[in-house]
Structure formats: C-alpha cells, structure tokens
Amino acid sequence: MGMGVAAADNHDETQVPLLQTQPAEPPFKRTGNVWTAVAHIITGVIGSGVLSLAWSMAQLGWIAGPLAMLFFASITLLSTFLLSDSYRSPDPEYGPARNRSYLEAVYMNLGKRNAWVCALFVQISLFGTGIAYTITSGISMRAVEKSNCYHKEGHGAACDFGDTSYMLLFGAVQIVLSQIPNFHNLQWLSILAAFMSFTYSSIGLGLGLSKVVGDGYVKGSIGGISSSSAAEKVWLVSQALGDIAFAYPYSLILIEIQDTLKSPPPENQTMKKASTIAITVTAFFYLCCGGFGYAAFGDATPGNLLTGFGFYEPYWLIDFANACVVLHLVGGYQVFSQTLFANVEKWFGEKFPGSRFVNDSHTLKLPVLPDIRLNLLRLCFRSVYVVATTGIAMIFPYFNQVLGVQGSLIFWPLSVYFPVEMYFKQRNIQAWTTKWVMLRTFSIFCLLLTLFALIGSIQGLVSAKLS
C-alpha cells in the first residue's frame, strides 16, 4: 500500500514527512472494472483474521455473533461509500484532481495536521500487523509439529511445544527478505498470498462443516460460552468484537484500488458496486467460517481454528493449511512492512541529504550468488524493526488478544472517523443538519464500541501475560 501526499494545506505547499508522494500521472493505463475491484478487495480483506471468527462467535452466541459480524460488515460498507467519494476533488465524480492513496485524500481534504495524525495511525497499523503476523506464523509452525506428534503418538499424547523458536525463525527470514528493495512490487507475491489465504480459509470452513455433518448436530448456545463471572464474560465479548473488527476493514487500500478503475462510469460509482459485492461475499464467507467452527465445537471452540486442535485428522490437511498460513504471512509481512520502510527511509533521506550512512549503497559480493547492494540505513533500520516486532510477539504471544487490540485500535480512526470527516468537508455538510447529526452519531457510537473492544482486549492481553 503506497501512501502519499502532494497537495497543499490551504496555502501551505510544504509536504508532510513520512508520507510518500505520488507521481503526477501513474505509469499505467486504468483498465479496472467492477470485477477486478471485487477481486482486489476480497484478496485484501480475507486473511489470518478469519481464523479467530469461530472463537468470536463462541463468545457472542448464536444471535449476537452473526449480528456482530453483519454489523461490522455494514459499518465497513458505509465507510467505503463515504471514502470512495474522496478519490476525486473537488467533485467526487468529475473533479480533475485525483487522490491516489488514503493519506493523500486526508491531506487534500482535511489538511496537514489531520494527515499527521492519520499517518501515525497508519504506521501503528502496519507495525501492529507485523506483530500479529509474527505471532500467527509462530503458532502455525508449532501446530504442524503438534499435528505430526499427535498422529504418531496418539491424540492423548503430551505434545506440548513452545512457539518462541518458530517466531525467531520467522524473524530471521524477515530480516533477510526486508533487505530486498521494492519487494512489495513483485506481482507474484500478491497472487501467492491470495491463493494461500483462500486455501487455508476454505480448509478451515470445510473441516468445520465436515465435523458438524459427522456429528449430526449443531453445538453452541444463544448466549455463547458460559463464564465464571459476569465481568469475565464482558471482557471476552469485548475481545471478540475486537477480533471481528480486525477481520473486515480495507480502507487503507480502497483508494489505491479505485485508482485502477477505468472511467466512465465515474470511479466512485464502480467502487461502490464493487464494495457492495465484495463485502456481501466476505460477510457470507465469514459467517460460514465462524458459524461452522462454533457449530462443530461449541464451548470448546479454539481461539485459532487451525491451531487449537479441535481437528486432529486428516493430519496432512492440517499441516498443509498451516503451511499455507505461514507462506501467506511471510509475504504479507513484507507487503505491509515495506510501506513503513519506504516512508521512514524517505524521511531520513530528506532530513539528512548529505549523510553517507543514509544515502550510500555498498556492493556485497558473494560466491555463486549475484551481487547484493546494501544500504547501511536500510540494513540497520529494517533489522531493528523486525527484531522489535519479533520481540513484542514473543513477549505477548496471544493470538486472539493481539488481534483484538490491533483491530479495535485502528478500526474507528481509519474506517470511520476520517471517512466521515472527509465526506463532511467535500460535500460541505453544515453542522446540525440531519445528515450531519446522523453521521456524527454513527461516528461517536463506533468510537464507544471500539473503545469497549480495545479496553477488553488490553485487559485480556494483560491477564494472559500474568496468568
């Protein structure tokens, strides 16, 4: 996800550091349509978050669970409708100025100060995703070892393994991959990630469905998993909401997808149709994954559908699904992190134009392998970054709680607040009009909901660490 601004804040022509600028015209012809946009959206949305949805459904029960998933789908859809009108300025359909990234749209519509705040949340989102991907990969690699152990020794065997060594292995791989310039521009990476995410999500769905059919009945209850106290139930519900919030949003990539669409018809109209189709498909898929997982296990629903060992056989399919998770996240980590790398390194380059440490590259000659060009800033910063995400993941290796914190922390600002504020500015919505009151109420309600999810997820993270 490239991010950038190249616009003015009132009469201030100063560019905002840490936000990559975009070229005046993109080096490609816009040929996208509704269906290419749908494919991009679904690829961007469906990922490791789907593995926690059965657990979320189990905390909420058969009524609140599906309603919560549909509610977050509705919020995401409304957000995309508002955000798609921010692609062109000043008119959302025929304005001559194009905003080619989320941050550029915020900068154009709301000014430099809001762009700085937005950039902060974007970088937190990217860093948090790196932590979540490290945890998920470590757990999935450990699950492969456990699956093979259970197959050889029996389901009652003491197959307990740590995930620290696997997280270190994942981090070591990322340190190497992070030194490859423009790694995120490789088209095959997106294709591989899309294929892997669909594969493991579909396997999880299929295993849940087959277990329900095999058992001959549906487990679970209206109120969800019972807890020892009302307070514990409240915390678990809040964590479940945070996990669902992590699974849906794609606001950061929406405008970049919209920038691939041909016109006419106006890009915002095409994007709204594509978003409606994509979110409908995603919501149905999520309901199936969460629903069949909960129906299969009831109160014993694991936090991660593929690693909690509700399923033991066929062990090779469990292994393959978890291998798909790891392959997806190895590439996905770079897709997200390279954006942050580019932003920070660009800022250093502008801040210290005469620094050899920042700007000089050195050639490393290795036998057999092609020459490698290394930049000292890139080597140091990217290595420290990967070490930081790996270290935090090792300190807090708690899948559901970390996803809950990540989802609830960024959902409101990036999926609700900025889209609503940009819509107000672009449509010139006056205060206390009906539309202003409705959207403001919607924004405040979403803020309170995500604060509830954030507090509960942090509480769960602390409790898991102390227990």
# chains A, B, ... in the order shown; residues from 1 in each chain; ligands from 1
>>> residues_around(residues="A:Asp360", least_positions_apart="5", cutoff="12 Å", atoms="only C-alpha atoms", output="PyMOL selection string")
chain A and resi 349+352-355+373-379
>>> write_last_selection(atoms="N, CA, C and O atoms", output="mmCIF file, in the first residue's frame")
data_model
loop_
_atom_site.group_PDB
_atom_site.id
_atom_site.type_symbol
_atom_site.label_atom_id
_atom_site.label_comp_id
_atom_site.auth_asym_id
_atom_site.auth_seq_id
_atom_site.Cartn_x
_atom_site.Cartn_y
_atom_site.Cartn_z
ATOM 1 N N GLY A 349 16.073 10.394 4.226
ATOM 2 C CA GLY A 349 16.771 10.897 3.056
ATOM 3 C C GLY A 349 16.585 12.394 2.864
ATOM 4 O O GLY A 349 17.524 13.113 2.476
ATOM 5 N N PHE A 352 18.422 14.208 6.031
ATOM 6 C CA PHE A 352 19.886 14.162 6.033
ATOM 7 C C PHE A 352 20.402 13.876 4.616
ATOM 8 O O PHE A 352 20.938 12.787 4.346
ATOM 9 N N PRO A 353 20.244 14.833 3.710
ATOM 10 C CA PRO A 353 20.618 14.590 2.303
ATOM 11 C C PRO A 353 22.109 14.366 2.097
ATOM 12 O O PRO A 353 22.512 13.732 1.109
ATOM 13 N N GLY A 354 22.963 14.854 3.007
ATOM 14 C CA GLY A 354 24.398 14.690 2.836
ATOM 15 C C GLY A 354 24.984 13.517 3.582
ATOM 16 O O GLY A 354 26.207 13.302 3.547
ATOM 17 N N SER A 355 24.158 12.736 4.255
ATOM 18 C CA SER A 355 24.666 11.635 5.069
ATOM 19 C C SER A 355 24.988 10.415 4.211
ATOM 20 O O SER A 355 24.134 9.903 3.485
ATOM 21 N N ARG A 373 23.353 -5.230 -3.242
ATOM 22 C CA ARG A 373 23.603 -3.830 -2.873
ATOM 23 C C ARG A 373 22.945 -3.541 -1.527
ATOM 24 O O ARG A 373 21.748 -3.730 -1.357
ATOM 25 N N LEU A 374 23.768 -3.126 -0.570
ATOM 26 C CA LEU A 374 23.290 -2.862 0.783
ATOM 27 C C LEU A 374 23.426 -1.381 1.112
ATOM 28 O O LEU A 374 24.425 -0.748 0.773
ATOM 29 N N ASN A 375 22.414 -0.854 1.753
ATOM 30 C CA ASN A 375 22.435 0.498 2.295
ATOM 31 C C ASN A 375 22.454 0.379 3.809
ATOM 32 O O ASN A 375 21.650 -0.377 4.383
ATOM 33 N N LEU A 376 23.354 1.095 4.465
ATOM 34 C CA LEU A 376 23.525 0.916 5.910
ATOM 35 C C LEU A 376 22.269 1.302 6.690
ATOM 36 O O LEU A 376 21.912 0.635 7.668
ATOM 37 N N LEU A 377 21.596 2.389 6.280
ATOM 38 C CA LEU A 377 20.358 2.757 6.959
ATOM 39 C C LEU A 377 19.322 1.655 6.808
ATOM 40 O O LEU A 377 18.668 1.268 7.783
ATOM 41 N N ARG A 378 19.190 1.150 5.579
ATOM 42 C CA ARG A 378 18.208 0.090 5.341
ATOM 43 C C ARG A 378 18.547 -1.146 6.149
ATOM 44 O O ARG A 378 17.672 -1.771 6.761
ATOM 45 N N LEU A 379 19.826 -1.507 6.173
ATOM 46 C CA LEU A 379 20.251 -2.689 6.916
ATOM 47 C C LEU A 379 19.940 -2.551 8.397
ATOM 48 O O LEU A 379 19.374 -3.456 9.028
#
>>> residues_around(residues="A:Leu327", least_positions_apart="6", cutoff="9 Å", atoms="only C-alpha atoms", output="list in words")
Ser137, Leu192, Ala193 and Met196 of chain A
>>> select_by_dssp(residues="stretch 52-131 of chain A", states="alpha helix (DSSP H)", output="VMD selection string")
chain A and resid 53 to 84 102 to 110 112 to 131
>>> select_by_dssp(residues="stretch 246-392 of chain A", states="strand (DSSP E)", output="number ranges by chain")
A: 361-364, 372-375
>>> residues_around(residues="stretch 155-164 of chain A", least_positions_apart="2", cutoff="6 Å", atoms="only C-alpha atoms", output="list in words")
Gly138, Ile139, Arg142, Lys146, Tyr150, Glu153, Tyr166 and Met167 of chain A
>>> atom_distance(atom1="atom CA of A:Ala274", atom2="atom CA of A:Val38")
5.1 Å
>>> residues_around(residues="A:Tyr398", least_positions_apart="6", cutoff="9 Å", atoms="only C-alpha atoms", output="PyMOL selection string")
chain A and resi 135-136+461+464-465
>>> closest_residue(among="A:Ala296, A:Leu236, A:Val462, A:Ile225", to="A:Val212", atoms="only C-alpha atoms")
A:Ala296
>>> closest_residue(among="A:Lys211, A:His362, A:Lys112, A:His328", to="A:Ser140", atoms="only C-alpha atoms")
A:His328
>>> atom_distance(atom1="atom CA of A:Gly32", atom2="atom CA of A:Ser84")
15.0 Å
>>> closest_residue(among="A:Ala172, A:Ile253, A:Leu209, A:Ala295", to="A:Ala54", atoms="only C-alpha atoms")
A:Ala295
>>> closest_residue(among="A:Gly407, A:Pro397, A:Gly391, A:Gly49", to="A:Ser201", atoms="only C-alpha atoms")
A:Gly49
>>> closest_atom_pairs(of="stretch 300-410 of chain A", to="stretch 415-422 of chain A", cutoff="12 Å", atoms="only C-alpha atoms", output="JSON lines")
{"residue": "A:Gly407", "atom": "CA", "partner": "A:Ser415", "partner_atom": "CA", "distance": 10.7}
{"residue": "A:Ser408", "atom": "CA", "partner": "A:Ser415", "partner_atom": "CA", "distance": 10.7}
{"residue": "A:Leu409", "atom": "CA", "partner": "A:Ser415", "partner_atom": "CA", "distance": 10.9}
{"residue": "A:Ile410", "atom": "CA", "partner": "A:Ser415", "partner_atom": "CA", "distance": 7.7}
>>> residues_around(residues="A:Ile175", least_positions_apart="4", cutoff="9 Å", atoms="only C-alpha atoms", output="compact mmCIF listing (two decimals) with N, CA and C atoms, in the first residue's frame")
# COMPACT_ATOMS: atom_id res chain seq x y z
N PHE A 170 10.94 -17.11 12.01
CA PHE A 170 10.17 -16.20 11.15
C PHE A 170 10.85 -14.84 11.08
N GLY A 171 11.32 -14.34 12.24
CA GLY A 171 12.02 -13.05 12.27
C GLY A 171 13.30 -13.07 11.47
N GLN A 179 15.68 -6.81 3.30
CA GLN A 179 16.78 -6.10 2.63
C GLN A 179 16.61 -6.04 1.11
N LEU A 379 19.83 -1.51 6.17
CA LEU A 379 20.25 -2.69 6.92
C LEU A 379 19.94 -2.55 8.40
N ARG A 382 15.77 -1.61 9.15
CA ARG A 382 14.86 -2.72 8.88
C ARG A 382 15.13 -3.90 9.81
N SER A 383 16.39 -4.12 10.12
CA SER A 383 16.73 -5.22 11.05
C SER A 383 16.19 -4.92 12.44
N VAL A 384 16.36 -3.68 12.91
CA VAL A 384 15.85 -3.30 14.23
C VAL A 384 14.33 -3.41 14.26
N TYR A 385 13.69 -3.01 13.17
CA TYR A 385 12.22 -3.08 13.07
C TYR A 385 11.75 -4.53 13.21
N VAL A 386 12.38 -5.45 12.46
CA VAL A 386 11.98 -6.85 12.52
C VAL A 386 12.25 -7.42 13.92
N VAL A 387 13.39 -7.06 14.50
CA VAL A 387 13.69 -7.51 15.86
C VAL A 387 12.64 -7.02 16.84
>>> atom_distance(atom1="atom CA of A:Pro66", atom2="atom CA of A:Tyr200")
21.6 Å
>>> closest_atom_pairs(of="stretch 370-439 of chain A", to="stretch 299-322 of chain A", cutoff="12 Å", atoms="only C-alpha atoms", output="JSON lines")
{"residue": "A:Tyr398", "atom": "CA", "partner": "A:Gly303", "partner_atom": "CA", "distance": 9.5}
{"residue": "A:Phe399", "atom": "CA", "partner": "A:Gly303", "partner_atom": "CA", "distance": 7.4}
{"residue": "A:Asn400", "atom": "CA", "partner": "A:Gly303", "partner_atom": "CA", "distance": 6.3}
{"residue": "A:Gln401", "atom": "CA", "partner": "A:Gly303", "partner_atom": "CA", "distance": 9.6}
{"residue": "A:Val402", "atom": "CA", "partner": "A:Gly303", "partner_atom": "CA", "distance": 11.7}
{"residue": "A:Leu403", "atom": "CA", "partner": "A:Gly303", "partner_atom": "CA", "distance": 10.9}
{"residue": "A:Gly404", "atom": "CA", "partner": "A:Gly303", "partner_atom": "CA", "distance": 11.7}
>>> closest_residue(among="A:Val335, A:Cys446, A:Ala323, A:Leu340", to="A:Leu120", atoms="only C-alpha atoms")
A:Leu340
>>> residues_around(residues="A:Thr43", least_positions_apart="6", cutoff="10 Å", atoms="only C-alpha atoms", output="mmCIF file with C-alpha atoms, in the first residue's frame")
data_model
loop_
_atom_site.group_PDB
_atom_site.id
_atom_site.type_symbol
_atom_site.label_atom_id
_atom_site.label_comp_id
_atom_site.auth_asym_id
_atom_site.auth_seq_id
_atom_site.Cartn_x
_atom_site.Cartn_y
_atom_site.Cartn_z
ATOM 1 C CA ALA A 37 -12.001 -4.330 -7.931
ATOM 2 C CA SER A 190 0.142 -10.849 -4.186
ATOM 3 C CA ILE A 191 -1.009 -13.799 -6.266
ATOM 4 C CA ALA A 193 -0.793 -14.502 -0.800
ATOM 5 C CA ALA A 194 -4.295 -14.501 -2.304
ATOM 6 C CA PHE A 195 -4.117 -18.200 -3.175
ATOM 7 C CA SER A 197 -5.351 -17.124 2.201
ATOM 8 C CA PHE A 198 -8.243 -18.636 0.238
ATOM 9 C CA ALA A 278 -17.146 -7.901 -2.119
#
